[in-house]
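A.B. asks: Sharing data_2.cif below, mmCIF, C-alpha atoms:
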data_model
loop_
_atom_site.group_PDB
_atom_site.id
_atom_site.type_symbol
_atom_site.label_atom_id
_atom_site.label_comp_id
_atom_site.auth_asym_id
_atom_site.auth_seq_id
_atom_site.Cartn_x
_atom_site.Cartn_y
_atom_site.Cartn_z
ATOM 1 C CA MET A 1 -19.838 -13.722 -12.111
ATOM 2 C CA GLU A 2 -23.401 -12.474 -11.924
ATOM 3 C CA ASN A 3 -23.424 -13.464 -8.284
ATOM 4 C CA ILE A 4 -20.405 -11.265 -7.547
ATOM 5 C CA ALA A 5 -21.894 -8.372 -9.478
ATOM 6 C CA ASN A 6 -25.095 -8.669 -7.482
ATOM 7 C CA THR A 7 -23.205 -8.834 -4.202
ATOM 8 C CA ILE A 8 -21.559 -5.479 -4.645
ATOM 9 C CA GLN A 9 -24.651 -3.529 -5.519
ATOM 10 C CA THR A 10 -25.876 -3.107 -1.994
ATOM 11 C CA ILE A 11 -22.828 -1.402 -0.517
ATOM 12 C CA PRO A 12 -22.880 2.406 -0.273
ATOM 13 C CA LEU A 13 -19.906 4.321 -1.565
ATOM 14 C CA ASN A 14 -19.380 5.825 1.895
ATOM 15 C CA GLU A 15 -18.380 2.426 3.250
ATOM 16 C CA TYR A 16 -15.477 2.275 0.818
ATOM 17 C CA ILE A 17 -14.362 5.806 1.730
ATOM 18 C CA LEU A 18 -14.599 4.866 5.400
ATOM 19 C CA LEU A 19 -12.577 1.659 4.973
ATOM 20 C CA SER A 20 -9.877 3.403 2.941
ATOM 21 C CA SER A 21 -9.551 6.275 5.395
ATOM 22 C CA ILE A 22 -9.308 3.888 8.348
ATOM 23 C CA ILE A 23 -6.495 1.962 6.683
ATOM 24 C CA PHE A 24 -4.790 5.195 5.618
ATOM 25 C CA SER A 25 -4.922 6.414 9.231
ATOM 26 C CA ILE A 26 -3.445 3.139 10.438
ATOM 27 C CA GLY A 27 -0.586 3.730 7.994
ATOM 28 C CA VAL A 28 -0.086 7.266 9.317
ATOM 29 C CA ILE A 29 -0.045 6.002 12.915
ATOM 30 C CA GLY A 30 2.448 3.313 11.926
ATOM 31 C CA VAL A 31 4.779 5.920 10.443
ATOM 32 C CA LEU A 32 4.516 8.012 13.603
ATOM 33 C CA ILE A 33 4.985 5.377 16.310
ATOM 34 C CA ARG A 34 7.596 2.979 14.906
ATOM 35 C CA ARG A 35 11.358 3.444 14.729
ATOM 36 C CA ASN A 36 12.292 0.566 12.463
ATOM 37 C CA ALA A 37 12.840 1.941 8.954
ATOM 38 C CA ILE A 38 11.460 -1.168 7.233
ATOM 39 C CA VAL A 39 8.229 -1.097 9.258
ATOM 40 C CA ILE A 40 7.818 2.595 8.402
ATOM 41 C CA PHE A 41 8.264 1.710 4.757
ATOM 42 C CA MET A 42 5.596 -0.988 5.074
ATOM 43 C CA SER A 43 3.189 1.561 6.571
ATOM 44 C CA VAL A 44 3.754 3.728 3.504
ATOM 45 C CA GLU A 45 2.845 0.731 1.328
ATOM 46 C CA LEU A 46 -0.339 0.332 3.366
ATOM 47 C CA MET A 47 -1.288 3.952 2.650
ATOM 48 C CA LEU A 48 -0.617 3.495 -1.083
ATOM 49 C CA ASN A 49 -2.841 0.415 -1.151
ATOM 50 C CA SER A 50 -5.748 2.097 0.597
ATOM 51 C CA VAL A 51 -5.654 4.853 -2.023
ATOM 52 C CA ASN A 52 -5.603 2.196 -4.756
ATOM 53 C CA LEU A 53 -8.727 0.570 -3.343
ATOM 54 C CA LEU A 54 -10.531 3.896 -3.167
ATOM 55 C CA LEU A 55 -9.612 4.746 -6.765
ATOM 56 C CA THR A 56 -10.936 1.380 -7.913
ATOM 57 C CA ALA A 57 -14.189 1.874 -6.012
ATOM 58 C CA PHE A 58 -14.691 5.309 -7.575
ATOM 59 C CA SER A 59 -13.851 3.908 -11.002
ATOM 60 C CA VAL A 60 -16.521 1.212 -10.669
ATOM 61 C CA TYR A 61 -18.955 3.747 -9.227
ATOM 62 C CA HIS A 62 -18.626 6.091 -12.191
ATOM 63 C CA GLY A 63 -18.274 3.335 -14.775
ATOM 64 C CA ASP A 64 -15.017 4.825 -16.059
ATOM 65 C CA ALA A 65 -12.002 2.613 -16.775
ATOM 66 C CA SER A 66 -9.454 5.430 -16.437
ATOM 67 C CA GLY A 67 -9.349 5.031 -12.666
ATOM 68 C CA GLN A 68 -8.233 1.426 -12.927
ATOM 69 C CA VAL A 69 -5.536 2.359 -15.468
ATOM 70 C CA PHE A 70 -4.322 4.944 -12.971
ATOM 71 C CA VAL A 71 -4.152 2.279 -10.251
ATOM 72 C CA PHE A 72 -2.028 0.216 -12.619
ATOM 73 C CA PHE A 73 0.408 3.125 -12.975
ATOM 74 C CA ILE A 74 0.490 3.567 -9.194
ATOM 75 C CA MET A 75 1.469 -0.081 -8.833
ATOM 76 C CA ALA A 76 4.349 0.371 -11.308
ATOM 77 C CA LEU A 77 5.433 3.453 -9.354
ATOM 78 C CA ALA A 78 5.250 1.536 -6.069
ATOM 79 C CA ALA A 79 7.502 -1.197 -7.463
ATOM 80 C CA ALA A 80 10.109 1.390 -8.487
ATOM 81 C CA GLU A 81 9.806 3.145 -5.133
ATOM 82 C CA VAL A 82 10.302 -0.057 -3.169
ATOM 83 C CA ALA A 83 13.410 -0.979 -5.157
ATOM 84 C CA VAL A 84 15.075 2.394 -4.575
ATOM 85 C CA GLY A 85 13.904 2.707 -0.969
ATOM 86 C CA LEU A 86 15.138 -0.707 0.068
ATOM 87 C CA ALA A 87 18.489 0.010 -1.613
ATOM 88 C CA ILE A 88 18.735 3.188 0.468
ATOM 89 C CA ILE A 89 17.870 1.243 3.641
ATOM 90 C CA VAL A 90 20.562 -1.343 2.868
ATOM 91 C CA MET A 91 23.063 1.480 2.339
ATOM 92 C CA ILE A 92 22.067 3.123 5.634
ATOM 93 C CA TYR A 93 22.486 -0.201 7.398
ATOM 94 C CA ARG A 94 25.926 -0.644 5.877
ATOM 95 C CA ASN A 95 27.031 2.785 7.050
ATOM 96 C CA THR A 96 25.530 2.893 10.531
ATOM 97 C CA ASN A 97 24.954 -0.802 11.412
ATOM 98 C CA SER A 98 21.383 0.010 12.392
ATOM 99 C CA ILE A 99 18.085 0.835 10.739
ATOM 100 C CA ASP A 100 16.820 2.902 13.626
ATOM 101 C CA ILE A 101 15.701 6.196 12.152
ATOM 102 C CA ASN A 102 16.801 8.161 15.197
ATOM 103 C CA VAL A 103 20.388 7.544 14.136
ATOM 104 C CA LEU A 104 19.647 9.649 11.073
ATOM 105 C CA ASN A 105 18.451 12.760 12.851
ATOM 106 C CA ARG A 106 21.338 14.838 11.587
ATOM 107 C CA LEU A 107 21.286 13.342 8.061
ATOM 108 C CA LYS A 108 25.039 13.430 7.687
ATOM 109 C CA TRP A 109 27.941 11.344 8.702
ATOM 110 C CA MET B 1 -23.080 -7.568 1.449
ATOM 111 C CA ASN B 2 -21.929 -9.514 4.452
ATOM 112 C CA THR B 3 -18.860 -10.643 2.532
ATOM 113 C CA PHE B 4 -17.717 -7.061 2.136
ATOM 114 C CA TYR B 5 -17.997 -6.268 5.847
ATOM 115 C CA PHE B 6 -16.223 -9.452 6.844
ATOM 116 C CA ILE B 7 -13.334 -8.781 4.445
ATOM 117 C CA ALA B 8 -13.180 -5.131 5.520
ATOM 118 C CA PHE B 9 -12.933 -6.215 9.141
ATOM 119 C CA LEU B 10 -10.104 -8.596 8.232
ATOM 120 C CA SER B 11 -8.262 -5.804 6.360
ATOM 121 C CA ILE B 12 -8.413 -3.460 9.334
ATOM 122 C CA PHE B 13 -7.501 -6.203 11.794
ATOM 123 C CA PHE B 14 -4.424 -7.340 9.870
ATOM 124 C CA SER B 15 -3.269 -3.802 9.150
ATOM 125 C CA ILE B 16 -3.419 -3.018 12.873
ATOM 126 C CA LEU B 17 -1.355 -6.137 13.485
ATOM 127 C CA VAL B 18 1.201 -4.914 10.904
ATOM 128 C CA ILE B 19 2.031 -1.802 12.885
ATOM 129 C CA THR B 20 1.884 -3.412 16.331
ATOM 130 C CA ALA B 21 3.889 -6.608 15.789
ATOM 131 C CA LYS B 22 7.225 -6.587 17.588
ATOM 132 C CA ASN B 23 9.091 -8.757 15.113
ATOM 133 C CA PRO B 24 9.539 -7.188 11.630
ATOM 134 C CA VAL B 25 9.200 -10.612 9.986
ATOM 135 C CA HIS B 26 5.753 -11.031 11.545
ATOM 136 C CA SER B 27 4.906 -7.535 10.321
ATOM 137 C CA ILE B 28 5.723 -8.534 6.763
ATOM 138 C CA LEU B 29 3.671 -11.723 7.008
ATOM 139 C CA TYR B 30 0.670 -9.761 8.288
ATOM 140 C CA LEU B 31 1.197 -7.283 5.442
ATOM 141 C CA ILE B 32 0.942 -10.193 2.980
ATOM 142 C CA LEU B 33 -2.399 -11.161 4.551
ATOM 143 C CA THR B 34 -3.586 -7.543 4.334
ATOM 144 C CA PHE B 35 -2.747 -7.407 0.644
ATOM 145 C CA PHE B 36 -4.569 -10.678 0.147
ATOM 146 C CA THR B 37 -7.727 -9.156 1.591
ATOM 147 C CA PHE B 38 -7.243 -6.213 -0.775
ATOM 148 C CA THR B 39 -7.146 -8.674 -3.662
ATOM 149 C CA ILE B 40 -10.489 -10.051 -2.488
ATOM 150 C CA HIS B 41 -11.851 -6.487 -2.419
ATOM 151 C CA TYR B 42 -10.799 -6.028 -6.049
ATOM 152 C CA ILE B 43 -12.532 -9.267 -7.015
ATOM 153 C CA LEU B 44 -15.689 -8.102 -5.243
ATOM 154 C CA LEU B 45 -15.531 -4.893 -7.293
ATOM 155 C CA ASN B 46 -15.190 -7.041 -10.439
ATOM 156 C CA ALA B 47 -11.768 -5.518 -11.208
ATOM 157 C CA GLN B 48 -10.155 -8.796 -12.155
ATOM 158 C CA PHE B 49 -7.127 -7.337 -13.894
ATOM 159 C CA LEU B 50 -6.211 -5.285 -10.827
ATOM 160 C CA ALA B 51 -6.783 -8.307 -8.585
ATOM 161 C CA ILE B 52 -4.292 -10.378 -10.548
ATOM 162 C CA VAL B 53 -1.774 -7.513 -10.802
ATOM 163 C CA ASN B 54 -2.086 -6.846 -7.068
ATOM 164 C CA PHE B 55 -1.527 -10.516 -6.377
ATOM 165 C CA ILE B 56 1.532 -10.784 -8.618
ATOM 166 C CA VAL B 57 3.207 -7.411 -8.092
ATOM 167 C CA TYR B 58 2.553 -6.783 -4.407
ATOM 168 C CA MET B 59 2.474 -10.239 -2.911
ATOM 169 C CA GLY B 60 4.856 -11.781 -5.409
ATOM 170 C CA ALA B 61 7.476 -9.133 -5.996
ATOM 171 C CA ILE B 62 7.376 -6.350 -3.429
ATOM 172 C CA LEU B 63 6.897 -8.411 -0.281
ATOM 173 C CA VAL B 64 9.499 -10.949 -1.360
ATOM 174 C CA LEU B 65 11.834 -7.971 -1.765
ATOM 175 C CA PHE B 66 10.990 -6.853 1.772
ATOM 176 C CA LEU B 67 11.619 -10.313 3.187
ATOM 177 C CA TYR B 68 14.878 -10.601 1.292
ATOM 178 C CA THR B 69 16.124 -7.240 2.570
ATOM 179 C CA LEU B 70 15.169 -8.201 6.104
ATOM 180 C CA MET B 71 17.155 -11.400 5.657
ATOM 181 C CA LEU B 72 20.202 -9.414 4.490
ATOM 182 C CA ILE B 73 19.886 -7.034 7.421
ATOM 183 C CA ASN B 74 20.326 -9.330 10.367
ATOM 184 C CA LEU B 75 18.032 -7.897 13.013
ATOM 185 C CA ASN B 76 18.265 -10.706 15.511
ATOM 186 C CA LYS B 77 21.105 -9.338 17.549
ATOM 187 C CA GLU B 78 19.261 -6.327 18.886
ATOM 188 C CA SER B 79 15.577 -5.703 19.284
ATOM 189 C CA GLU B 80 14.037 -2.480 18.159
ATOM 190 C CA PRO B 81 14.266 0.185 20.844
ATOM 191 C CA ALA B 82 10.771 1.369 21.594
ATOM 192 C CA LYS B 83 9.810 4.976 21.297
ATOM 193 C CA SER B 84 8.798 6.701 24.478
ATOM 194 C CA ASN B 85 5.163 6.395 25.470
ATOM 195 C CA LEU B 86 4.605 10.106 25.057
ATOM 196 C CA VAL B 87 5.587 9.968 21.384
ATOM 197 C CA LYS B 88 3.394 6.888 20.851
ATOM 198 C CA ILE B 89 0.355 8.495 22.448
ATOM 199 C CA ALA B 90 0.924 11.674 20.455
ATOM 200 C CA GLY B 91 1.173 9.653 17.237
ATOM 201 C CA VAL B 92 -2.023 7.712 17.926
ATOM 202 C CA ILE B 93 -3.894 10.888 18.837
ATOM 203 C CA GLY B 94 -2.677 12.612 15.670
ATOM 204 C CA GLY B 95 -3.757 9.707 13.469
ATOM 205 C CA CYS B 96 -7.143 9.492 15.181
ATOM 206 C CA CYS B 97 -7.705 13.246 14.704
ATOM 207 C CA PHE B 98 -7.049 12.750 10.993
ATOM 208 C CA LEU B 99 -9.533 9.864 10.902
ATOM 209 C CA VAL B 100 -12.198 11.773 12.820
ATOM 210 C CA THR B 101 -11.873 14.716 10.443
ATOM 211 C CA ILE B 102 -12.432 12.512 7.408
ATOM 212 C CA ILE B 103 -15.329 10.625 9.021
ATOM 213 C CA ALA B 104 -17.008 13.892 10.022
ATOM 214 C CA SER B 105 -16.740 15.229 6.489
ATOM 215 C CA ILE B 106 -18.217 11.991 5.118
ATOM 216 C CA LYS B 107 -21.085 12.210 7.595
ATOM 217 C CA ALA B 108 -21.728 15.777 6.471
ATOM 218 C CA LEU B 109 -22.192 14.512 2.913
ATOM 219 C CA GLY B 110 -25.175 12.426 3.919
ATOM 220 C CA ALA B 111 -26.160 9.019 2.584
ATOM 221 C CA SER B 112 -24.545 7.948 -0.640
ATOM 222 C CA PRO B 113 -26.012 5.762 -3.378
ATOM 223 C CA ALA B 114 -24.844 2.201 -3.653
ATOM 224 C CA VAL B 115 -21.925 1.179 -5.852
ATOM 225 C CA VAL B 116 -23.731 -0.163 -8.895
ATOM 226 C CA LEU B 117 -21.758 -2.053 -11.476
ATOM 227 C CA LYS B 118 -22.925 -0.275 -14.625
ATOM 228 C CA ASP B 119 -20.682 -2.122 -17.054
ATOM 229 C CA PRO B 120 -19.850 -5.692 -15.963
ATOM 230 C CA SER B 121 -16.866 -5.897 -18.340
ATOM 231 C CA LEU B 122 -15.262 -2.731 -16.950
ATOM 232 C CA GLY B 123 -12.360 -4.295 -15.089
ATOM 233 C CA LEU B 124 -11.627 -7.168 -17.423
ATOM 234 C CA VAL B 125 -8.273 -7.467 -19.155
ATOM 235 C CA LYS B 126 -9.696 -6.903 -22.635
ATOM 236 C CA ASN B 127 -11.421 -3.631 -21.806
ATOM 237 C CA LEU B 128 -8.558 -2.249 -19.710
ATOM 238 C CA GLY B 129 -6.020 -3.205 -22.372
ATOM 239 C CA LYS B 130 -7.939 -1.245 -24.981
ATOM 240 C CA VAL B 131 -8.065 1.840 -22.762
ATOM 241 C CA LEU B 132 -4.406 1.466 -21.774
ATOM 242 C CA PHE B 133 -3.036 1.153 -25.280
ATOM 243 C CA ASN B 134 -5.337 3.679 -26.935
ATOM 244 C CA GLU B 135 -5.608 6.606 -24.544
ATOM 245 C CA TYR B 136 -2.680 6.069 -22.213
ATOM 246 C CA LEU B 137 0.036 4.839 -24.560
ATOM 247 C CA LEU B 138 2.519 7.631 -23.821
ATOM 248 C CA PRO B 139 2.323 7.306 -19.982
ATOM 249 C CA PHE B 140 2.726 3.568 -20.411
ATOM 250 C CA GLU B 141 5.955 4.030 -22.357
ATOM 251 C CA ILE B 142 7.205 6.638 -19.881
ATOM 252 C CA SER B 143 6.588 4.246 -16.997
ATOM 253 C CA SER B 144 9.018 1.822 -18.641
ATOM 254 C CA VAL B 145 11.667 4.567 -18.479
ATOM 255 C CA LEU B 146 10.744 5.043 -14.811
ATOM 256 C CA LEU B 147 11.242 1.356 -14.087
ATOM 257 C CA LEU B 148 14.578 1.358 -15.924
ATOM 258 C CA SER B 149 15.841 4.371 -13.971
ATOM 259 C CA ALA B 150 14.663 2.810 -10.703
ATOM 260 C CA MET B 151 16.550 -0.376 -11.545
ATOM 261 C CA VAL B 152 19.744 1.520 -12.374
ATOM 262 C CA GLY B 153 19.376 3.615 -9.223
ATOM 263 C CA ALA B 154 18.846 0.595 -6.985
ATOM 264 C CA VAL B 155 21.902 -1.184 -8.382
ATOM 265 C CA LEU B 156 23.967 1.980 -8.058
ATOM 266 C CA LEU B 157 22.900 2.571 -4.456
ATOM 267 C CA ALA B 158 23.191 -0.988 -3.232
ATOM 268 C CA THR B 159 26.628 -1.786 -4.646
ATOM 269 C CA LYS B 160 29.502 -1.139 -2.339
ATOM 270 C CA GLU B 161 31.245 2.049 -3.325
ATOM 271 C CA PRO B 162 35.017 1.978 -3.858
ATOM 272 C CA LYS B 163 37.212 3.249 -1.075
ATOM 273 C CA THR B 164 37.585 6.840 -2.167
ATOM 274 C CA THR B 165 37.051 8.645 1.095
#
Take the structure I supplied and represent it as structure tokens, if you would.
C.D. replies:
Amino acid sequence: MENIANTIQTIPLNEYILLSSIIFSIGVIGVLIRRNAIVIFMSVELMLNSVNLLLTAFSVYHGDASGQVFVFFIMALAAAEVAVGLAIIVMIYRNTNSIDINVLNRLKW
Amino acid sequence: MNTFYFIAFLSIFFSILVITAKNPVHSILYLILTFFTFTIHYILLNAQFLAIVNFIVYMGAILVLFLYTLMLINLNKESEPAKSNLVKIAGVIGGCCFLVTIIASIKALGASPAVVLKDPSLGLVKNLGKVLFNEYLLPFEISSVLLLSAMVGAVLLATKEPKTT
């Protein structure tokens, strides 16, 4: 445990911000360039996770446990979001026989 | 120090593979690997509770849900129609502009001090449990209502509606 704690002490905070923003941008690009609804949903999960990592890094940096509690709440929210979102995708598939989002451009049937 | 950069490289590599894989099943498998590298990041930050929760909730529950939905939706009969190249290039350029903006603002901040672990027991279950049940008891209870409503909503949406229309 001391070994791990010593490992982390040499990394600047900017590296964590950089890593999180790169992964967030990859999520944004994934939302923009894909047409499969499930892959778009997975890109949104990627963005949520990068924010979680950044919150944890800031929490450790400031020595405040509230940030990690907030990450815990975000994870509960993500579980709820995935359940509802996947139910909506299944319903869309049942109605249109496709999960291509371009079918939904008028948002009515 | 080198461990962090290696794991960060793996995170970025696998997350790029997530959005470029043709087959959605491969995308989900790469997403599992990405979340595994995130778990290693949490362990490196000594946030052991979050590491375990990330492992159980994301890799255990959410991604199994994704795989199960993909199994219900049979995608084998038609491949995903690709977006036109113009839209792809525009999307990549937009995302890169976002990234460049953030990187430029970080560079303007100058060098930052290192992440020093002030309190080694910060992310342990005992400490986080005390904070959660003393200061954040009401949000914790409200999140149970959120989970219940999400469960009811998912069941309501996914069941086949009776033939009314």
A.B. asks: Using only C-alpha atoms, which residues of chain B come within 7 Å of chain A, and what is the closest atom pair for each, with the distance in Å to one decimal? Give it as JSON lines, sorted by chain and residue number.
C.D. replies:
{"residue": "B:Met1", "atom": "CA", "partner": "A:Thr7", "partner_atom": "CA", "distance": 5.8}
{"residue": "B:Ala8", "atom": "CA", "partner": "A:Leu19", "partner_atom": "CA", "distance": 6.8}
{"residue": "B:Ile12", "atom": "CA", "partner": "A:Ile23", "partner_atom": "CA", "distance": 6.3}
{"residue": "B:Ile16", "atom": "CA", "partner": "A:Ile26", "partner_atom": "CA", "distance": 6.6}
{"residue": "B:Ile19", "atom": "CA", "partner": "A:Gly30", "partner_atom": "CA", "distance": 5.2}
{"residue": "B:Pro24", "atom": "CA", "partner": "A:Val39", "partner_atom": "CA", "distance": 6.7}
{"residue": "B:Leu44", "atom": "CA", "partner": "A:Ile4", "partner_atom": "CA", "distance": 6.1}
{"residue": "B:Leu45", "atom": "CA", "partner": "A:Ile8", "partner_atom": "CA", "distance": 6.6}
{"residue": "B:Asn46", "atom": "CA", "partner": "A:Ala5", "partner_atom": "CA", "distance": 6.9}
{"residue": "B:Ile62", "atom": "CA", "partner": "A:Ala79", "partner_atom": "CA", "distance": 6.5}
{"residue": "B:Glu80", "atom": "CA", "partner": "A:Asn36", "partner_atom": "CA", "distance": 6.7}
{"residue": "B:Lys83", "atom": "CA", "partner": "A:Arg35", "partner_atom": "CA", "distance": 6.9}
{"residue": "B:Val87", "atom": "CA", "partner": "A:Ile33", "partner_atom": "CA", "distance": 6.9}
{"residue": "B:Lys88", "atom": "CA", "partner": "A:Ile33", "partner_atom": "CA", "distance": 5.0}
{"residue": "B:Gly91", "atom": "CA", "partner": "A:Leu32", "partner_atom": "CA", "distance": 5.2}
{"residue": "B:Val92", "atom": "CA", "partner": "A:Ile29", "partner_atom": "CA", "distance": 5.7}
{"residue": "B:Gly95", "atom": "CA", "partner": "A:Ile29", "partner_atom": "CA", "distance": 5.3}
{"residue": "B:Phe98", "atom": "CA", "partner": "A:Ser25", "partner_atom": "CA", "distance": 6.9}
{"residue": "B:Leu99", "atom": "CA", "partner": "A:Ser25", "partner_atom": "CA", "distance": 6.0}
{"residue": "B:Ile103", "atom": "CA", "partner": "A:Leu18", "partner_atom": "CA", "distance": 6.8}
{"residue": "B:Ser112", "atom": "CA", "partner": "A:Pro12", "partner_atom": "CA", "distance": 5.8}
{"residue": "B:Pro113", "atom": "CA", "partner": "A:Pro12", "partner_atom": "CA", "distance": 5.5}
{"residue": "B:Ala114", "atom": "CA", "partner": "A:Pro12", "partner_atom": "CA", "distance": 3.9}
{"residue": "B:Val115", "atom": "CA", "partner": "A:Tyr61", "partner_atom": "CA", "distance": 5.2}
{"residue": "B:Val116", "atom": "CA", "partner": "A:Gln9", "partner_atom": "CA", "distance": 4.9}
{"residue": "B:Leu117", "atom": "CA", "partner": "A:Val60", "partner_atom": "CA", "distance": 6.2}
{"residue": "B:Lys118", "atom": "CA", "partner": "A:Gly63", "partner_atom": "CA", "distance": 5.9}
{"residue": "B:Asp119", "atom": "CA", "partner": "A:Gly63", "partner_atom": "CA", "distance": 6.4}
{"residue": "B:Leu122", "atom": "CA", "partner": "A:Ala65", "partner_atom": "CA", "distance": 6.3}
{"residue": "B:Leu128", "atom": "CA", "partner": "A:Ala65", "partner_atom": "CA", "distance": 6.6}
{"residue": "B:Leu132", "atom": "CA", "partner": "A:Val69", "partner_atom": "CA", "distance": 6.5}
{"residue": "B:Leu147", "atom": "CA", "partner": "A:Ala80", "partner_atom": "CA", "distance": 5.7}
{"residue": "B:Ala150", "atom": "CA", "partner": "A:Ala80", "partner_atom": "CA", "distance": 5.3}
{"residue": "B:Gly153", "atom": "CA", "partner": "A:Val84", "partner_atom": "CA", "distance": 6.4}
{"residue": "B:Ala154", "atom": "CA", "partner": "A:Val84", "partner_atom": "CA", "distance": 4.8}
{"residue": "B:Leu157", "atom": "CA", "partner": "A:Ala87", "partner_atom": "CA", "distance": 5.8}
{"residue": "B:Ala158", "atom": "CA", "partner": "A:Ala87", "partner_atom": "CA", "distance": 5.1}
A.B. asks: Could you jot down the CA of Leu31 (chain B) to CA of Leu17 (chain B) separation for me, Å, one decimal place?
C.D. replies: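 Going from CA of Leu31 (chain B) over to CA of Leu17 (chain B), I get 8.5 Å.
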A.B. asks: Measuring between only C-alpha atoms, which one of B:Leu156, B:Ala90, B:Ile28, B:Leu146 shows the shortest distance to Leu63 (chain B)?
C.D. replies: B:Ile28
A.B. asks: If you measure from CA of Met47 (chain A) to CA of Ile102 (chain B), what distance in Å do you get, rounded to one decimal?
C.D. replies: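 About the pair CA of Met47 (chain A) and CA of Ile102 (chain B): they are 14.8 Å apart.
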A.B. asks: Build an axis-aligned box that encloses every atom of region 138-142 of chain B listed in the file, pad it by 8 Å on each side, and report its centre and edge lengths in Å to one decimal, as AutoDock Vina command-line options.
C.D. replies:
--center_x 4.8 --center_y 5.6 --center_z -21.9 --size_x 20.9 --size_y 20.1 --size_z 19.9
A.B. asks: State, in Å with one decimal place, the distance from CA of Ile43 (chain B) to CA of Ser121 (chain B).
C.D. replies: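 Taking CA of Ile43 (chain B) and CA of Ser121 (chain B), their separation equals 12.6 Å.
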